[in-house]
>>> print(open('entry38.txt').read())   # compact mmCIF, C-alpha atoms
# COMPACT_ATOMS: atom_id res chain seq x y z
CA MET A 19 -51.37 18.07 107.23
CA SER A 20 -54.87 17.48 108.56
CA SER A 21 -55.24 15.34 111.65
CA PHE A 22 -56.32 11.71 111.64
CA LEU A 23 -59.61 10.29 112.89
CA THR A 24 -60.74 11.26 116.37
CA LEU A 25 -63.36 9.53 118.50
CA THR A 26 -65.79 12.35 117.73
CA GLN A 27 -65.30 12.19 113.95
CA THR A 28 -67.82 10.24 111.91
CA ILE A 29 -66.68 7.49 109.54
CA ASP A 30 -68.73 7.34 106.36
CA LEU A 31 -68.87 3.73 105.18
CA ILE A 32 -69.43 4.09 101.44
CA SER A 33 -70.24 0.77 99.79
CA VAL A 34 -69.56 0.41 96.07
CA PRO A 35 -70.80 -3.03 94.86
CA PHE A 36 -69.07 -2.87 91.51
CA ASP A 37 -66.84 -5.38 89.72
CA LEU A 38 -66.99 -4.51 86.02
CA GLY A 39 -63.53 -2.96 86.19
CA ALA A 40 -62.01 -6.41 86.75
CA SER A 41 -61.71 -9.54 84.64
CA ARG A 42 -63.33 -11.79 87.25
CA GLN A 43 -66.70 -10.94 88.75
CA GLY A 44 -67.62 -11.41 92.40
CA ALA A 45 -66.24 -8.33 94.15
CA ARG A 46 -69.63 -6.62 93.95
CA SER A 47 -70.85 -8.70 96.90
CA ALA A 48 -67.89 -7.72 99.11
CA PRO A 49 -69.13 -4.39 100.53
CA HIS A 50 -72.19 -5.98 102.12
CA MET A 51 -70.13 -8.74 103.71
CA ILE A 52 -67.52 -6.31 105.03
CA SER A 53 -69.94 -3.70 106.32
CA SER A 54 -72.16 -6.15 108.21
CA MET A 55 -69.19 -7.46 110.17
CA LEU A 56 -67.43 -4.09 110.40
CA ALA A 57 -70.41 -2.27 111.89
CA ARG A 58 -70.33 -4.49 114.97
CA LYS A 59 -66.59 -3.95 115.40
CA LEU A 60 -66.80 -0.17 115.04
CA ASN A 61 -69.62 -0.07 117.58
CA ALA A 62 -67.44 -2.06 119.97
CA GLN A 63 -64.62 0.48 119.47
CA GLY A 64 -66.99 3.32 120.27
CA LEU A 65 -66.63 4.91 116.84
CA LEU A 66 -69.34 6.89 115.06
CA PHE A 67 -70.27 5.88 111.52
CA THR A 68 -72.85 6.17 108.79
CA GLU A 69 -73.61 3.72 105.99
CA GLN A 70 -74.52 4.48 102.41
CA ALA A 71 -74.19 2.78 99.03
CA ILE A 72 -73.44 3.89 95.49
CA ALA A 73 -75.90 2.71 92.83
CA CYS A 74 -74.11 0.26 90.53
CA PRO A 75 -75.27 -1.54 87.36
CA GLU A 76 -76.04 -5.23 87.37
CA SER A 77 -73.18 -7.23 85.87
CA LEU A 78 -75.33 -9.41 83.64
CA THR A 79 -77.11 -6.55 81.85
CA THR A 80 -74.04 -4.90 80.34
CA GLN A 81 -71.95 -5.40 77.21
CA ILE A 82 -68.33 -4.69 76.37
CA HIS A 83 -68.09 -1.91 73.77
CA ASP A 84 -64.31 -1.30 73.72
CA LEU A 85 -61.81 -4.09 74.39
CA LYS A 86 -59.20 -1.53 75.50
CA LEU A 87 -61.62 0.14 77.93
CA LYS A 88 -64.02 -2.54 79.06
CA TYR A 89 -67.31 -1.31 80.54
CA LEU A 90 -66.13 2.31 80.27
CA ASP A 91 -69.64 3.81 80.49
CA GLU A 92 -70.41 1.86 83.65
CA VAL A 93 -67.05 2.65 85.27
CA VAL A 94 -67.49 6.36 84.57
CA ALA A 95 -71.07 6.48 85.89
CA VAL A 96 -70.22 4.69 89.14
CA ASN A 97 -67.11 6.75 89.77
CA GLU A 98 -68.86 10.06 89.08
CA GLY A 99 -71.45 9.10 91.68
CA LEU A 100 -68.76 8.02 94.13
CA ALA A 101 -66.73 11.21 93.60
CA SER A 102 -69.74 13.29 94.60
CA VAL A 103 -70.41 11.25 97.74
CA ALA A 104 -66.72 11.18 98.78
CA ALA A 105 -66.45 14.94 98.27
CA ASN A 106 -69.51 15.48 100.44
CA SER A 107 -68.01 13.28 103.16
CA VAL A 108 -64.84 15.37 103.31
CA ARG A 109 -66.87 18.58 103.13
CA ASN A 110 -68.79 17.45 106.21
CA GLY A 111 -65.57 16.80 108.12
CA HIS A 112 -66.08 13.03 108.04
CA PHE A 113 -63.67 10.18 107.27
CA PRO A 114 -64.64 8.54 103.95
CA LEU A 115 -64.02 4.78 104.00
CA VAL A 116 -64.88 3.34 100.61
CA LEU A 117 -65.66 -0.38 100.49
CA GLY A 118 -65.20 -2.01 97.07
CA GLY A 119 -65.70 -3.48 94.66
CA ASP A 120 -62.73 -3.67 92.30
CA HIS A 121 -59.90 -1.13 92.26
CA SER A 122 -61.42 0.96 89.45
CA ILE A 123 -63.49 2.66 92.15
CA ALA A 124 -60.38 4.40 93.48
CA ILE A 125 -60.74 6.81 90.55
CA GLY A 126 -63.94 8.15 92.07
CA SER A 127 -62.84 8.09 95.69
CA ILE A 128 -59.61 9.99 94.94
CA ALA A 129 -61.45 12.43 92.65
CA GLY A 130 -63.94 13.34 95.34
CA ILE A 131 -61.43 13.56 98.16
CA ALA A 132 -58.89 15.55 96.12
CA SER A 133 -61.55 18.14 95.30
CA HIS A 134 -61.13 19.27 98.93
CA ARG A 135 -57.54 18.13 99.43
CA PRO A 136 -55.68 19.42 96.34
CA ASN A 137 -52.29 18.19 97.62
CA LEU A 138 -53.39 14.70 98.57
CA GLY A 139 -50.80 12.05 99.41
CA VAL A 140 -51.61 8.46 98.41
CA ILE A 141 -50.35 5.12 99.76
CA TRP A 142 -51.23 2.43 97.22
CA PHE A 143 -51.00 -1.11 98.66
CA ASP A 144 -51.18 -3.45 95.68
CA ALA A 145 -49.51 -6.38 93.97
CA HIS A 146 -49.99 -4.35 90.79
CA ALA A 147 -49.31 -0.69 90.03
CA ASP A 148 -52.59 0.03 88.19
CA LEU A 149 -50.64 2.44 85.99
CA ASN A 150 -51.77 1.19 82.60
CA THR A 151 -53.75 3.28 80.13
CA ASN A 152 -55.89 2.30 77.17
CA VAL A 153 -52.66 2.41 75.14
CA THR A 154 -50.55 0.12 77.34
CA THR A 155 -53.17 -2.19 78.87
CA PRO A 156 -52.75 -5.90 78.08
CA SER A 157 -56.29 -6.69 79.27
CA GLY A 158 -58.55 -3.66 78.86
CA ASN A 159 -59.65 -3.97 82.50
CA ILE A 160 -59.99 -0.51 84.00
CA HIS A 161 -59.06 -1.60 87.53
CA GLY A 162 -55.53 -1.72 86.11
CA MET A 163 -55.73 1.95 85.08
CA SER A 164 -57.05 3.58 88.25
CA LEU A 165 -53.83 5.10 89.59
CA ALA A 166 -52.79 6.31 86.12
CA ALA A 167 -56.18 7.97 85.64
CA SER A 168 -55.93 9.67 89.03
CA LEU A 169 -52.54 11.04 87.98
CA GLY A 170 -54.09 12.43 84.79
CA HIS A 171 -52.98 9.79 82.28
CA GLY A 172 -55.21 7.77 79.96
CA ASP A 173 -58.59 8.18 78.33
CA ARG A 174 -60.08 11.60 79.10
CA ARG A 175 -63.39 10.11 80.27
CA LEU A 176 -61.46 8.52 83.12
CA THR A 177 -59.06 11.37 83.83
CA GLU A 178 -61.88 13.94 83.88
CA ILE A 179 -64.03 12.13 86.45
CA GLY A 180 -64.87 14.65 89.16
CA GLY A 181 -63.84 17.54 86.90
CA LEU A 182 -60.16 18.05 87.65
CA VAL A 183 -57.51 16.29 85.54
CA GLY A 184 -54.49 15.17 87.57
CA LYS A 185 -56.00 14.79 91.04
CA ILE A 186 -52.70 13.74 92.59
CA LYS A 187 -49.01 14.34 91.90
CA PRO A 188 -46.47 11.52 91.30
CA GLU A 189 -44.14 12.80 94.03
CA ASN A 190 -46.97 12.37 96.55
CA VAL A 191 -47.63 8.70 95.69
CA VAL A 192 -46.09 5.58 97.21
CA ILE A 193 -46.83 2.06 95.95
CA ILE A 194 -46.24 -0.79 98.44
CA GLY A 195 -46.25 -4.55 97.81
CA ALA A 196 -45.80 -4.53 94.02
CA ARG A 197 -44.69 -7.78 92.42
CA ASP A 198 -46.57 -8.03 89.10
CA LEU A 199 -45.80 -5.02 86.90
CA ASP A 200 -46.44 -4.71 83.17
CA PRO A 201 -43.68 -3.26 80.95
CA GLY A 202 -45.57 0.00 80.41
CA GLU A 203 -46.05 0.40 84.16
CA LYS A 204 -42.35 -0.05 84.85
CA SER A 205 -41.54 2.70 82.39
CA PHE A 206 -44.27 4.92 83.87
CA ILE A 207 -42.87 4.51 87.40
CA ARG A 208 -39.36 5.41 86.28
CA ASP A 209 -40.44 8.31 84.05
CA GLN A 210 -42.73 9.85 86.66
CA GLY A 211 -40.40 9.26 89.60
CA ILE A 212 -43.02 7.40 91.64
CA LYS A 213 -41.70 5.66 94.75
CA CYS A 214 -42.50 1.96 94.47
CA TYR A 215 -41.63 -0.52 97.19
CA THR A 216 -41.69 -3.98 95.66
CA MET A 217 -41.73 -7.17 97.71
CA TYR A 218 -37.95 -7.23 97.28
CA ASP A 219 -37.77 -3.91 99.12
CA ILE A 220 -40.05 -5.18 101.88
CA ASP A 221 -37.97 -8.35 102.24
CA ARG A 222 -34.75 -6.36 102.34
CA LYS A 223 -35.77 -3.40 104.49
CA GLY A 224 -38.66 -4.76 106.52
CA MET A 225 -42.19 -3.38 106.63
CA MET A 226 -41.45 -0.95 109.47
CA THR A 227 -38.76 0.88 107.50
CA VAL A 228 -40.87 0.87 104.33
CA ILE A 229 -43.82 2.46 106.13
CA GLN A 230 -41.65 5.00 107.91
CA GLU A 231 -40.12 6.06 104.60
CA ALA A 232 -43.53 6.11 102.93
CA ILE A 233 -44.93 8.37 105.66
CA GLY A 234 -42.12 10.83 105.03
CA ILE A 235 -42.97 10.94 101.32
CA VAL A 236 -46.76 11.22 101.47
CA THR A 237 -46.78 13.87 104.20
CA LYS A 238 -44.28 16.22 102.55
CA GLY A 239 -46.30 19.27 101.55
CA THR A 240 -49.62 17.41 101.48
CA ASP A 241 -52.97 18.23 103.06
CA GLY A 242 -54.16 14.69 103.70
CA VAL A 243 -53.28 11.05 102.98
CA HIS A 244 -55.49 8.53 101.23
CA LEU A 245 -54.82 4.83 101.84
CA SER A 246 -55.90 2.67 98.92
CA PHE A 247 -55.59 -0.94 100.06
CA ASP A 248 -55.95 -3.69 97.46
CA LEU A 249 -56.23 -7.01 99.24
CA ASP A 250 -54.21 -8.71 96.50
CA SER A 251 -51.16 -7.01 98.04
CA LEU A 252 -51.43 -9.82 100.59
CA ASP A 253 -50.13 -13.29 99.91
CA PRO A 254 -52.93 -15.56 98.60
CA SER A 255 -52.30 -17.95 101.48
CA GLU A 256 -53.37 -15.14 103.82
CA ALA A 257 -56.10 -13.71 101.58
CA PRO A 258 -57.52 -16.37 99.23
CA GLY A 259 -60.63 -14.32 98.46
CA ILE A 260 -59.17 -12.08 95.75
CA SER A 261 -59.67 -11.96 91.99
CA THR A 262 -56.04 -11.56 90.87
CA PRO A 263 -53.81 -13.57 93.22
CA VAL A 264 -50.03 -13.27 92.94
CA ARG A 265 -47.93 -15.44 95.22
CA GLY A 266 -45.17 -14.03 97.36
CA GLY A 267 -47.10 -11.14 98.90
CA VAL A 268 -47.43 -9.30 102.20
CA THR A 269 -47.95 -11.51 105.25
CA TYR A 270 -50.74 -11.22 107.81
CA ARG A 271 -48.51 -9.59 110.41
CA GLU A 272 -46.78 -7.30 107.90
CA ALA A 273 -50.17 -5.99 106.82
CA HIS A 274 -51.30 -5.36 110.38
CA LEU A 275 -48.00 -3.72 111.26
CA ALA A 276 -48.35 -1.42 108.26
CA VAL A 277 -51.82 -0.17 109.17
CA GLU A 278 -50.95 0.00 112.88
CA LEU A 279 -47.96 2.23 112.08
CA LEU A 280 -50.13 4.42 109.85
CA SER A 281 -52.69 4.64 112.63
CA GLU A 282 -50.06 5.63 115.19
CA ALA A 283 -48.65 8.25 112.81
CA GLY A 284 -52.09 9.85 112.61
CA ILE A 285 -51.80 10.75 108.93
CA VAL A 286 -54.54 8.84 107.11
CA THR A 287 -57.57 11.00 106.35
CA SER A 288 -59.47 8.68 103.97
CA ALA A 289 -59.23 5.12 102.69
CA ASP A 290 -60.62 2.50 100.40
CA ILE A 291 -60.33 -1.27 100.64
CA VAL A 292 -60.87 -3.18 97.42
CA GLU A 293 -60.71 -6.40 95.40
CA LEU A 294 -62.20 -8.74 97.97
CA ASN A 295 -63.96 -11.50 96.02
CA PRO A 296 -66.16 -13.62 98.33
CA ARG A 297 -66.63 -16.20 95.55
CA MET A 298 -62.94 -17.06 95.89
CA ASP A 299 -62.78 -16.92 99.68
CA LYS A 300 -62.41 -19.82 102.10
CA ASN A 301 -64.57 -19.75 105.24
CA ASN A 302 -64.69 -15.92 105.09
CA LYS A 303 -60.97 -15.78 105.82
CA THR A 304 -60.38 -12.73 103.63
CA VAL A 305 -63.54 -10.94 104.75
CA THR A 306 -62.44 -11.31 108.36
CA LEU A 307 -58.93 -10.11 107.53
CA ALA A 308 -60.26 -7.06 105.72
CA VAL A 309 -62.35 -6.09 108.74
CA GLU A 310 -59.42 -6.68 111.09
CA LEU A 311 -57.17 -4.42 109.01
CA ILE A 312 -59.76 -1.64 109.00
CA CYS A 313 -60.14 -1.92 112.77
CA SER A 314 -56.36 -1.76 113.19
CA LEU A 315 -56.31 1.38 111.07
CA PHE A 316 -58.89 2.87 113.43
CA GLY A 317 -56.91 2.06 116.55
CA SER A 318 -57.70 -1.53 117.52
CA ARG A 319 -54.68 -3.21 119.15
CA ILE A 320 -53.76 -6.58 120.63
CA LEU A 321 -53.31 -5.04 124.11
>>> encode(input="entry38.txt", output="structure tokens")
Amino acid sequence: MSSFLTLTQTIDLISVPFDLGASRQGARSAPHMISSMLARKLNAQGLLFTEQAIACPESLTTQIHDLKLKYLDEVVAVNEGLASVAANSVRNGHFPLVLGGDHSIAIGSIAGIASHRPNLGVIWFDAHADLNTNVTTPSGNIHGMSLAASLGHGDRRLTEIGGLVGKIKPENVVIIGARDLDPGEKSFIRDQGIKCYTMYDIDRKGMMTVIQEAIGIVTKGTDGVHLSFDLDSLDPSEAPGISTPVRGGVTYREAHLAVELLSEAGIVTSADIVELNPRMDKNNKTVTLAVELICSLFGSRIL
């Protein structure tokens, strides 16, 4: 395992203002809102960081060509660009922190990171599993296919982003916070042997035990851990600014405990935070929460 962020390591804030992978637009404005607030916080923590952005198409100039793979050309182009930037970040010894955008961008972030970490562990915080393909998808939205594509399943234009097919292995993946799974995703989880902690598991075991078990899984034989944090894993009462709310999610304190435990374990080597939709937010409540969670991941504590 590689070590976690140190005070001398640079964080690369990689903004991806893209929302064509989702059914509801608005997430494209999230990276700017997060980064402007986050920069001040990281400075206060004494952390080094750079800022860059991935070029993304304008939402209103595109058309849907395939109802089973909506905006495929745009998703592929953005993720190829992101994969290159994320790979360069790891190559430079930096910590890539990708700011979305919808969860389709995880295809590119994982592709780039895995090009230098071939045994990457992944913690996938999400109300959904994102394990659909163009065959099983009920919506055609590619943000619901991102984890499947990273595992090498689905349309080849998605699975081949970044060059390598099958960037991660199912035994190195843990899903946390799931509570809205499609039939095809349930079968996929069982068939592939992916560890999935639903909200039932969190209620029954507690977040501390779930995270401790997850750490054991994603660090076994891996060379890094990527945290992919979809804000819809949180309960909508805590995070109203999301595109696909599902009630009964992770609480404010459970979320902070999770990232604090990951920070203390020193295992996370890259991350993305996605699906913030400022159009749905209330008084920047979700923007503020997203920034707080990132700061907790990087060592901020109550005392």
>>> residues_near_point(input="entry38.txt", point="(-42.2, 5.2, 93.1)", cutoff="7 Å", atoms="only C-alpha atoms", output="PDB file with C-alpha atoms, in the coordinates of the input")
ATOM      1  CA  VAL A 191     -47.630   8.700  95.690  1.00  0.00           C
ATOM      2  CA  VAL A 192     -46.090   5.580  97.210  1.00  0.00           C
ATOM      3  CA  ILE A 193     -46.830   2.060  95.950  1.00  0.00           C
ATOM      4  CA  ILE A 207     -42.870   4.510  87.400  1.00  0.00           C
ATOM      5  CA  GLY A 211     -40.400   9.260  89.600  1.00  0.00           C
ATOM      6  CA  ILE A 212     -43.020   7.400  91.640  1.00  0.00           C
ATOM      7  CA  LYS A 213     -41.700   5.660  94.750  1.00  0.00           C
ATOM      8  CA  CYS A 214     -42.500   1.960  94.470  1.00  0.00           C
TER       9      CYS A 214
END
>>> closest_residue(input="entry38.txt", among="A:Asn61, A:Thr216, A:Asn302, A:Thr287", to="Asp144 (chain A)", atoms="all atoms listed in the file")
A:Thr216
>>> axis_aligned_box(input="entry38.txt", around="region 167-185 of chain A", padding_each_side="6 Å", output="lines of an AutoDock Vina configuration file")
center_x = -58.7
center_y = 12.9
center_z = 84.7
size_x = 24.3
size_y = 22.3
size_z = 24.7
>>> residues_around(input="entry38.txt", residues="Val96 (chain A)", least_positions_apart="5", cutoff="12 Å", atoms="only C-alpha atoms", output="PyMOL selection string")
chain A and resi 33-39+71-76+89-91+101-103+118-120+122-127+176+179-180
>>> write_last_selection(input="entry38.txt", atoms="C-alpha atoms", output="PDB file, in the coordinates of the input")
ATOM      1  CA  SER A  33     -70.240   0.770  99.790  1.00  0.00           C
ATOM      2  CA  VAL A  34     -69.560   0.410  96.070  1.00  0.00           C
ATOM      3  CA  PRO A  35     -70.800  -3.030  94.860  1.00  0.00           C
ATOM      4  CA  PHE A  36     -69.070  -2.870  91.510  1.00  0.00           C
ATOM      5  CA  ASP A  37     -66.840  -5.380  89.720  1.00  0.00           C
ATOM      6  CA  LEU A  38     -66.990  -4.510  86.020  1.00  0.00           C
ATOM      7  CA  GLY A  39     -63.530  -2.960  86.190  1.00  0.00           C
ATOM      8  CA  ALA A  71     -74.190   2.780  99.030  1.00  0.00           C
ATOM      9  CA  ILE A  72     -73.440   3.890  95.490  1.00  0.00           C
ATOM     10  CA  ALA A  73     -75.900   2.710  92.830  1.00  0.00           C
ATOM     11  CA  CYS A  74     -74.110   0.260  90.530  1.00  0.00           C
ATOM     12  CA  PRO A  75     -75.270  -1.540  87.360  1.00  0.00           C
ATOM     13  CA  GLU A  76     -76.040  -5.230  87.370  1.00  0.00           C
ATOM     14  CA  TYR A  89     -67.310  -1.310  80.540  1.00  0.00           C
ATOM     15  CA  LEU A  90     -66.130   2.310  80.270  1.00  0.00           C
ATOM     16  CA  ASP A  91     -69.640   3.810  80.490  1.00  0.00           C
ATOM     17  CA  ALA A 101     -66.730  11.210  93.600  1.00  0.00           C
ATOM     18  CA  SER A 102     -69.740  13.290  94.600  1.00  0.00           C
ATOM     19  CA  VAL A 103     -70.410  11.250  97.740  1.00  0.00           C
ATOM     20  CA  GLY A 118     -65.200  -2.010  97.070  1.00  0.00           C
ATOM     21  CA  GLY A 119     -65.700  -3.480  94.660  1.00  0.00           C
ATOM     22  CA  ASP A 120     -62.730  -3.670  92.300  1.00  0.00           C
ATOM     23  CA  SER A 122     -61.420   0.960  89.450  1.00  0.00           C
ATOM     24  CA  ILE A 123     -63.490   2.660  92.150  1.00  0.00           C
ATOM     25  CA  ALA A 124     -60.380   4.400  93.480  1.00  0.00           C
ATOM     26  CA  ILE A 125     -60.740   6.810  90.550  1.00  0.00           C
ATOM     27  CA  GLY A 126     -63.940   8.150  92.070  1.00  0.00           C
ATOM     28  CA  SER A 127     -62.840   8.090  95.690  1.00  0.00           C
ATOM     29  CA  LEU A 176     -61.460   8.520  83.120  1.00  0.00           C
ATOM     30  CA  ILE A 179     -64.030  12.130  86.450  1.00  0.00           C
ATOM     31  CA  GLY A 180     -64.870  14.650  89.160  1.00  0.00           C
TER      32      GLY A 180
END
>>> residues_around(input="entry38.txt", residues="Gly239 (chain A)", least_positions_apart="5", cutoff="12 Å", atoms="only C-alpha atoms", output="compact mmCIF listing (two decimals) with C-alpha atoms, keeping the file's coordinate frame")
# COMPACT_ATOMS: atom_id res chain seq x y z
CA MET A 19 -51.37 18.07 107.23
CA SER A 20 -54.87 17.48 108.56
CA ARG A 135 -57.54 18.13 99.43
CA PRO A 136 -55.68 19.42 96.34
CA ASN A 137 -52.29 18.19 97.62
CA LEU A 138 -53.39 14.70 98.57
CA GLY A 139 -50.80 12.05 99.41
CA LYS A 187 -49.01 14.34 91.90
CA GLU A 189 -44.14 12.80 94.03
CA ASN A 190 -46.97 12.37 96.55
CA ILE A 233 -44.93 8.37 105.66
CA GLY A 234 -42.12 10.83 105.03
